[in-house]
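K.L.:
Following this line is my_file.tsv, made up of TSV, C-alpha atoms:
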```tsv
chain	number	residue	atom	x	y	z
A	294	MET	CA	-18.60	12.07	0.01
A	295	VAL	CA	-18.18	12.60	-3.73
A	296	ARG	CA	-16.15	9.85	-5.35
A	297	PRO	CA	-14.46	10.62	-8.66
A	298	ALA	CA	-14.94	8.25	-11.57
A	299	HIS	CA	-11.17	7.65	-11.66
A	300	ARG	CA	-8.64	7.49	-8.83
A	301	ARG	CA	-4.86	7.58	-9.09
A	302	VAL	CA	-3.13	5.54	-6.40
A	303	SER	CA	0.46	5.22	-5.21
A	304	ARG	CA	1.65	2.27	-3.13
A	305	VAL	CA	5.01	1.55	-1.50
A	306	VAL	CA	6.76	-1.78	-1.07
A	307	LEU	CA	8.52	-0.92	2.18
A	308	LEU	CA	11.47	-3.25	2.81
A	309	ASP	CA	13.53	-3.45	5.98
A	310	GLU	CA	17.15	-4.54	6.39
A	311	ASN	CA	16.07	-8.22	6.60
A	312	ASP	CA	13.94	-8.12	3.41
A	313	ARG	CA	10.75	-8.04	5.44
A	314	PHE	CA	7.95	-5.87	4.05
A	315	LEU	CA	5.21	-3.92	5.76
A	316	LEU	CA	1.57	-4.72	5.01
A	317	LEU	CA	-1.68	-3.30	6.38
A	318	LEU	CA	-4.77	-5.46	6.87
A	319	THR	CA	-7.82	-3.69	5.46
A	320	ALA	CA	-11.53	-4.22	4.91
A	321	SER	CA	-13.31	-1.09	3.76
A	322	PRO	CA	-16.98	-1.17	4.77
A	323	ARG	CA	-17.69	1.33	1.96
A	324	LEU	CA	-17.07	-1.28	-0.75
A	325	GLN	CA	-19.96	-3.31	-2.13
A	326	THR	CA	-18.06	-6.52	-1.40
A	327	PRO	CA	-15.61	-5.82	1.43
A	328	VAL	CA	-12.61	-8.11	1.21
A	329	VAL	CA	-10.28	-8.53	4.16
A	330	ARG	CA	-6.82	-8.40	2.63
A	331	TRP	CA	-3.27	-7.25	3.21
A	332	LEU	CA	-2.03	-4.23	1.23
A	333	THR	CA	1.16	-2.24	0.96
A	334	PRO	CA	1.08	1.28	2.42
A	335	GLY	CA	-0.35	3.88	0.06
A	336	GLY	CA	-3.48	5.49	-1.21
A	337	GLY	CA	-4.99	8.16	-3.38
A	338	VAL	CA	-2.83	10.70	-5.20
A	339	GLU	CA	-4.10	14.26	-4.90
A	340	ASP	CA	-4.77	16.25	-8.09
A	341	HIS	CA	-1.70	18.48	-7.64
A	342	GLU	CA	0.67	15.55	-6.90
A	343	SER	CA	2.75	13.23	-9.03
A	344	HIS	CA	2.56	9.54	-8.17
A	345	ALA	CA	5.96	9.81	-6.45
A	346	GLU	CA	4.79	12.79	-4.36
A	347	GLY	CA	1.64	10.90	-3.41
A	348	ALA	CA	3.70	7.86	-2.40
A	349	ILE	CA	5.94	9.99	-0.15
A	350	ARG	CA	2.94	11.65	1.53
A	351	GLU	CA	0.96	8.41	1.94
A	352	LEU	CA	3.98	6.59	3.36
A	353	PHE	CA	4.34	9.29	6.02
A	354	GLU	CA	0.60	9.41	6.79
A	355	GLU	CA	0.24	5.64	7.12
A	356	THR	CA	3.54	4.74	8.83
A	357	GLY	CA	5.17	7.93	10.16
A	358	LEU	CA	8.25	7.32	7.99
A	359	ARG	CA	9.57	10.41	6.19
A	360	VAL	CA	11.53	9.91	2.97
A	361	ASP	CA	12.79	12.39	0.38
A	362	SER	CA	12.41	10.12	-2.63
A	363	VAL	CA	10.75	6.89	-3.72
A	364	GLY	CA	12.59	6.63	-7.04
A	365	GLU	CA	10.84	5.43	-10.17
A	366	PRO	CA	7.83	3.12	-10.10
A	367	ILE	CA	8.61	-0.58	-10.53
A	368	TRP	CA	5.11	-1.67	-11.51
A	369	SER	CA	1.60	-0.43	-12.26
A	370	ILE	CA	-1.88	-1.91	-12.40
A	371	GLU	CA	-5.37	-0.80	-13.38
A	372	GLY	CA	-8.56	-1.92	-11.66
A	373	GLN	CA	-11.91	-0.81	-10.35
A	374	SER	CA	-13.86	-0.60	-7.11
A	375	ILE	CA	-17.62	-0.83	-6.67
A	376	PHE	CA	-19.03	1.00	-3.66
A	377	ASN	CA	-22.13	0.29	-1.54
A	378	ASP	CA	-24.06	3.01	-3.37
A	379	GLY	CA	-23.29	1.36	-6.75
A	380	HIS	CA	-20.67	3.92	-7.77
A	381	VAL	CA	-17.93	2.37	-9.93
A	382	GLN	CA	-14.46	3.87	-9.70
A	383	SER	CA	-11.57	2.95	-11.99
A	384	THR	CA	-8.08	3.01	-10.51
A	385	TYR	CA	-4.54	3.30	-11.79
A	386	SER	CA	-1.87	2.39	-9.23
A	387	GLU	CA	1.90	2.80	-9.35
A	388	TYR	CA	4.18	0.87	-6.98
A	389	PHE	CA	7.46	2.19	-5.58
A	390	VAL	CA	10.18	0.60	-3.41
A	391	VAL	CA	11.64	2.13	-0.26
A	392	ARG	CA	14.39	0.55	1.87
A	393	THR	CA	14.49	1.39	5.58
A	394	THR	CA	15.51	-0.10	8.88
A	395	SER	CA	12.75	-1.83	10.81
A	396	PHE	CA	10.68	0.55	12.92
A	397	GLU	CA	7.46	0.71	14.90
A	398	LEU	CA	4.72	2.27	12.78
A	399	THR	CA	2.72	5.20	14.16
A	400	ASN	CA	-0.92	5.96	13.35
A	401	GLU	CA	-0.67	9.61	14.46
A	402	ASN	CA	-1.32	10.84	10.90
A	403	TRP	CA	-4.10	8.46	9.91
A	404	MET	CA	-7.34	9.86	8.52
A	405	ASP	CA	-10.56	8.95	10.35
A	406	ASN	CA	-11.52	6.25	7.83
A	407	GLU	CA	-8.11	4.55	8.22
A	408	PHE	CA	-8.91	3.82	11.87
A	409	VAL	CA	-11.91	1.85	10.55
A	410	ASP	CA	-10.34	0.37	7.40
A	411	ILE	CA	-6.93	-0.71	8.80
A	412	THR	CA	-7.28	-3.47	11.39
A	413	ASP	CA	-3.69	-4.72	11.66
A	414	VAL	CA	-0.16	-3.90	10.56
A	415	ARG	CA	2.67	-6.39	10.23
A	416	TRP	CA	6.16	-6.90	8.86
A	417	TRP	CA	6.23	-10.10	6.73
A	418	THR	CA	8.76	-12.26	4.94
A	419	VAL	CA	7.88	-13.68	1.53
A	420	GLU	CA	7.81	-17.19	3.03
A	421	GLU	CA	5.47	-16.13	5.86
A	422	LEU	CA	3.00	-14.51	3.48
A	423	GLN	CA	3.05	-17.44	1.06
A	424	SER	CA	2.41	-20.01	3.80
A	425	SER	CA	-0.11	-17.91	5.76
A	426	GLY	CA	-3.19	-18.52	3.66
A	427	GLU	CA	-4.01	-14.82	4.12
A	428	LYS	CA	-5.57	-12.83	1.26
A	429	TYR	CA	-3.52	-9.99	-0.19
A	430	SER	CA	-3.77	-7.58	-3.07
A	431	PRO	CA	-2.83	-7.30	-5.85
A	432	GLU	CA	-2.66	-10.94	-6.88
A	433	PRO	CA	0.99	-10.82	-8.02
A	434	LEU	CA	2.09	-9.17	-4.73
A	435	VAL	CA	4.62	-11.91	-3.88
A	436	ASP	CA	6.24	-11.61	-7.34
A	437	LEU	CA	6.25	-7.83	-6.99
A	438	ILE	CA	7.95	-8.02	-3.59
A	439	GLN	CA	10.56	-10.45	-4.89
A	440	LEU	CA	11.25	-8.05	-7.79
A	441	ALA	CA	11.51	-5.15	-5.31
A	442	ILE	CA	14.00	-7.10	-3.17
A	443	GLU	CA	16.14	-7.96	-6.20
A	444	GLN	CA	16.11	-4.42	-7.57
A	445	SER	CA	16.86	-2.81	-4.22
A	446	ARG	CA	19.79	-5.17	-3.61
A	447	ALA	CA	21.23	-4.28	-7.02
A	448	LYS	CA	21.45	-0.57	-6.14
```
Will you turn the file into structure tokens for me?

P.N.:
Amino acid sequence: MVRPAHRRVSRVVLLDENDRFLLLLTASPRLQTPVVRWLTPGGGVEDHESHAEGAIRELFEETGLRVDSVGEPIWSIEGQSIFNDGHVQSTYSEYFVVRTTSFELTNENWMDNEFVDITDVRWWTVEELQSSGEKYSPEPLVDLIQLAIEQSRAK
């Protein structure tokens, strides 16, 4: 697999009617230092896609939820990943907010590697995540989710 030197990523803070948010537990064995952590749904943006288009596609692929729009991004972050083979990949991620009613996620559209990388899926409250002791990414995820809740309530 050829890994580009730079990867654009879109992620979605998916909120239900009770301000719970969906996270996926991941640990990619392809990373030099695999970290078990909770992430929001999302992933790589294809070359022909905008970040919003990538967020819509990734949300469907990872959860089964179809949406027409994810609005404007509420946050972005840059980072890097180091793979087992020593390859270093920079990343630029944009985060979007989607409100929905609670639903049971489907993995019917997962790619093969997602069946290895994603080991659990759960709806959380901010309080549950904060008191869980679980690792999550990015570091300011709780602040980001609180911002998403506030902004989505204001609409």

K.L.:
In terms of the shortest atom-to-atom distance over all atoms listed in the file, which of A:Ser383, A:Ser424, A:Thr399, A:Thr333 is closest to A:Glu354?

P.N.:
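Smallest separation from A:Glu354 among the options: A:Thr399.
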
K.L.:
Calculated over all atoms listed in the file, which of the candidates A:Glu420, A:Arg300, A:Leu308, A:Thr394 has the smallest distance to A:Glu443?

P.N.:
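When distances to A:Glu443 are compared using all atoms listed in the file, the smallest one comes from A:Leu308.
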
K.L.:
Name all residues at most 12 Å from A:Ala345 (count all atoms listed in the file; drop same-chain ones fewer than 2 positions away) and give them as JSON, numbers by chain.

P.N.:
{"A": [301, 302, 303, 304, 305, 335, 336, 337, 338, 339, 341, 342, 343, 347, 348, 349, 350, 351, 352, 360, 361, 362, 363, 364, 365, 366, 367, 386, 387, 388, 389, 390, 391]}

K.L.:
What is the distance between atom CA of A:Gln382 and atom CA of A:Trp331, in Å to one decimal?

P.N.:
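Those two atoms sit 20.4 Å apart.
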
K.L.:
Go ahead and find all residues with at least one atom no further than 12 Å from (-13.7, -13.6, 4.1) in the file's coordinates, using only C-alpha atoms; report them as a list in words.

P.N.:
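All residues meeting the 12 Å criterion around (-13.7, -13.6, 4.1) are Thr319, Ala320, Thr326, Pro327, Val328, Val329, Arg330, Gly426, Glu427, Lys428 and Tyr429 of chain A.
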
K.L.:
Counting all atoms listed in the file, which residue out of A:Arg392, A:His299, A:His344, A:Arg313 sits closest to A:Ser369?

P.N.:
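Smallest distance to A:Ser369 is found for A:His344.
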
K.L.:
Determine, counting all atoms listed in the file, which protein, DNA and RNA residues have an atom within 8 Å of an atom of stretch 434-437 of chain A; residues of the same chain fewer than 6 positions away are not included. Present the result as a PyMOL selection string.

P.N.:
chain A and resi 368+419+422-423

K.L.:
Any chance you could export the current selection's C-alpha atoms as a JSON list (two decimals), in the frame of the given file?

P.N.:
```json
[["chain", "number", "residue", "atom", "x", "y", "z"],
["A", 368, "TRP", "CA", 5.11, -1.67, -11.51],
["A", 419, "VAL", "CA", 7.88, -13.68, 1.53],
["A", 422, "LEU", "CA", 3.00, -14.51, 3.48],
["A", 423, "GLN", "CA", 3.05, -17.44, 1.06]]
```

K.L.:
Start from the incomplete input, build N, CA and C atoms for stretch 326-355 of chain A, and deliver everything as a PDB file, in the coordinates of the input.

P.N.:
```pdb
ATOM      1  N   THR A 326     -18.481  -5.215  -1.890  1.00  0.00           N
ATOM      2  CA  THR A 326     -18.060  -6.520  -1.400  1.00  0.00           C
ATOM      3  C   THR A 326     -16.758  -6.346  -0.633  1.00  0.00           C
ATOM      4  N   PRO A 327     -16.849  -6.019   0.658  1.00  0.00           N
ATOM      5  CA  PRO A 327     -15.610  -5.820   1.430  1.00  0.00           C
ATOM      6  C   PRO A 327     -14.792  -7.104   1.471  1.00  0.00           C
ATOM      7  N   VAL A 328     -13.527  -6.976   1.185  1.00  0.00           N
ATOM      8  CA  VAL A 328     -12.610  -8.110   1.210  1.00  0.00           C
ATOM      9  C   VAL A 328     -11.535  -7.794   2.234  1.00  0.00           C
ATOM     10  N   VAL A 329     -11.370  -8.691   3.200  1.00  0.00           N
ATOM     11  CA  VAL A 329     -10.280  -8.530   4.160  1.00  0.00           C
ATOM     12  C   VAL A 329      -9.021  -8.991   3.454  1.00  0.00           C
ATOM     13  N   ARG A 330      -8.045  -8.070   3.359  1.00  0.00           N
ATOM     14  CA  ARG A 330      -6.820  -8.400   2.630  1.00  0.00           C
ATOM     15  C   ARG A 330      -5.682  -7.508   3.106  1.00  0.00           C
ATOM     16  N   TRP A 331      -4.480  -7.991   2.870  1.00  0.00           N
ATOM     17  CA  TRP A 331      -3.270  -7.250   3.210  1.00  0.00           C
ATOM     18  C   TRP A 331      -2.843  -6.415   2.010  1.00  0.00           C
ATOM     19  N   LEU A 332      -2.474  -5.155   2.274  1.00  0.00           N
ATOM     20  CA  LEU A 332      -2.030  -4.230   1.230  1.00  0.00           C
ATOM     21  C   LEU A 332      -0.734  -3.560   1.650  1.00  0.00           C
ATOM     22  N   THR A 333       0.001  -3.077   0.668  1.00  0.00           N
ATOM     23  CA  THR A 333       1.160  -2.240   0.960  1.00  0.00           C
ATOM     24  C   THR A 333       0.668  -0.854   1.368  1.00  0.00           C
ATOM     25  N   PRO A 334       1.470  -0.090   2.100  1.00  0.00           N
ATOM     26  CA  PRO A 334       1.080   1.280   2.420  1.00  0.00           C
ATOM     27  C   PRO A 334       0.852   2.093   1.145  1.00  0.00           C
ATOM     28  N   GLY A 335      -0.082   3.019   1.207  1.00  0.00           N
ATOM     29  CA  GLY A 335      -0.350   3.880   0.060  1.00  0.00           C
ATOM     30  C   GLY A 335      -1.791   4.277  -0.005  1.00  0.00           C
ATOM     31  N   GLY A 336      -2.117   5.035  -1.039  1.00  0.00           N
ATOM     32  CA  GLY A 336      -3.480   5.490  -1.210  1.00  0.00           C
ATOM     33  C   GLY A 336      -3.603   6.485  -2.339  1.00  0.00           C
ATOM     34  N   GLY A 337      -4.656   7.245  -2.294  1.00  0.00           N
ATOM     35  CA  GLY A 337      -4.990   8.160  -3.380  1.00  0.00           C
ATOM     36  C   GLY A 337      -3.986   9.288  -3.560  1.00  0.00           C
ATOM     37  N   VAL A 338      -3.717   9.589  -4.821  1.00  0.00           N
ATOM     38  CA  VAL A 338      -2.830  10.700  -5.200  1.00  0.00           C
ATOM     39  C   VAL A 338      -3.703  11.930  -5.398  1.00  0.00           C
ATOM     40  N   GLU A 339      -3.333  13.021  -4.765  1.00  0.00           N
ATOM     41  CA  GLU A 339      -4.100  14.260  -4.900  1.00  0.00           C
ATOM     42  C   GLU A 339      -3.862  14.876  -6.277  1.00  0.00           C
ATOM     43  N   ASP A 340      -4.812  15.686  -6.736  1.00  0.00           N
ATOM     44  CA  ASP A 340      -4.770  16.250  -8.090  1.00  0.00           C
ATOM     45  C   ASP A 340      -3.458  16.981  -8.397  1.00  0.00           C
ATOM     46  N   HIS A 341      -2.906  17.677  -7.417  1.00  0.00           N
ATOM     47  CA  HIS A 341      -1.700  18.480  -7.640  1.00  0.00           C
ATOM     48  C   HIS A 341      -0.407  17.675  -7.489  1.00  0.00           C
ATOM     49  N   GLU A 342      -0.512  16.375  -7.167  1.00  0.00           N
ATOM     50  CA  GLU A 342       0.670  15.550  -6.900  1.00  0.00           C
ATOM     51  C   GLU A 342       1.025  14.647  -8.069  1.00  0.00           C
ATOM     52  N   SER A 343       2.307  14.332  -8.170  1.00  0.00           N
ATOM     53  CA  SER A 343       2.750  13.230  -9.030  1.00  0.00           C
ATOM     54  C   SER A 343       2.544  11.944  -8.235  1.00  0.00           C
ATOM     55  N   HIS A 344       2.666  10.811  -8.893  1.00  0.00           N
ATOM     56  CA  HIS A 344       2.560   9.540  -8.170  1.00  0.00           C
ATOM     57  C   HIS A 344       3.653   9.432  -7.115  1.00  0.00           C
ATOM     58  N   ALA A 345       4.855   9.877  -7.426  1.00  0.00           N
ATOM     59  CA  ALA A 345       5.960   9.810  -6.450  1.00  0.00           C
ATOM     60  C   ALA A 345       5.648  10.690  -5.239  1.00  0.00           C
ATOM     61  N   GLU A 346       5.143  11.899  -5.467  1.00  0.00           N
ATOM     62  CA  GLU A 346       4.790  12.790  -4.360  1.00  0.00           C
ATOM     63  C   GLU A 346       3.691  12.179  -3.492  1.00  0.00           C
ATOM     64  N   GLY A 347       2.711  11.567  -4.145  1.00  0.00           N
ATOM     65  CA  GLY A 347       1.640  10.900  -3.410  1.00  0.00           C
ATOM     66  C   GLY A 347       2.167   9.737  -2.578  1.00  0.00           C
ATOM     67  N   ALA A 348       3.113   8.987  -3.130  1.00  0.00           N
ATOM     68  CA  ALA A 348       3.700   7.860  -2.400  1.00  0.00           C
ATOM     69  C   ALA A 348       4.443   8.347  -1.158  1.00  0.00           C
ATOM     70  N   ILE A 349       5.194   9.425  -1.286  1.00  0.00           N
ATOM     71  CA  ILE A 349       5.940   9.990  -0.150  1.00  0.00           C
ATOM     72  C   ILE A 349       4.976  10.445   0.940  1.00  0.00           C
ATOM     73  N   ARG A 350       3.916  11.165   0.555  1.00  0.00           N
ATOM     74  CA  ARG A 350       2.940  11.650   1.530  1.00  0.00           C
ATOM     75  C   ARG A 350       2.194  10.494   2.189  1.00  0.00           C
ATOM     76  N   GLU A 351       1.705   9.547   1.403  1.00  0.00           N
ATOM     77  CA  GLU A 351       0.960   8.410   1.940  1.00  0.00           C
ATOM     78  C   GLU A 351       1.820   7.563   2.872  1.00  0.00           C
ATOM     79  N   LEU A 352       3.086   7.364   2.510  1.00  0.00           N
ATOM     80  CA  LEU A 352       3.980   6.590   3.360  1.00  0.00           C
ATOM     81  C   LEU A 352       4.107   7.252   4.732  1.00  0.00           C
ATOM     82  N   PHE A 353       4.266   8.568   4.746  1.00  0.00           N
ATOM     83  CA  PHE A 353       4.340   9.290   6.020  1.00  0.00           C
ATOM     84  C   PHE A 353       3.030   9.180   6.791  1.00  0.00           C
ATOM     85  N   GLU A 354       1.895   9.425   6.109  1.00  0.00           N
ATOM     86  CA  GLU A 354       0.600   9.410   6.790  1.00  0.00           C
ATOM     87  C   GLU A 354       0.292   8.039   7.391  1.00  0.00           C
ATOM     88  N   GLU A 355       0.626   6.972   6.672  1.00  0.00           N
ATOM     89  CA  GLU A 355       0.240   5.640   7.120  1.00  0.00           C
ATOM     90  C   GLU A 355       1.252   4.971   8.033  1.00  0.00           C
TER      91      GLU A 355
END
```
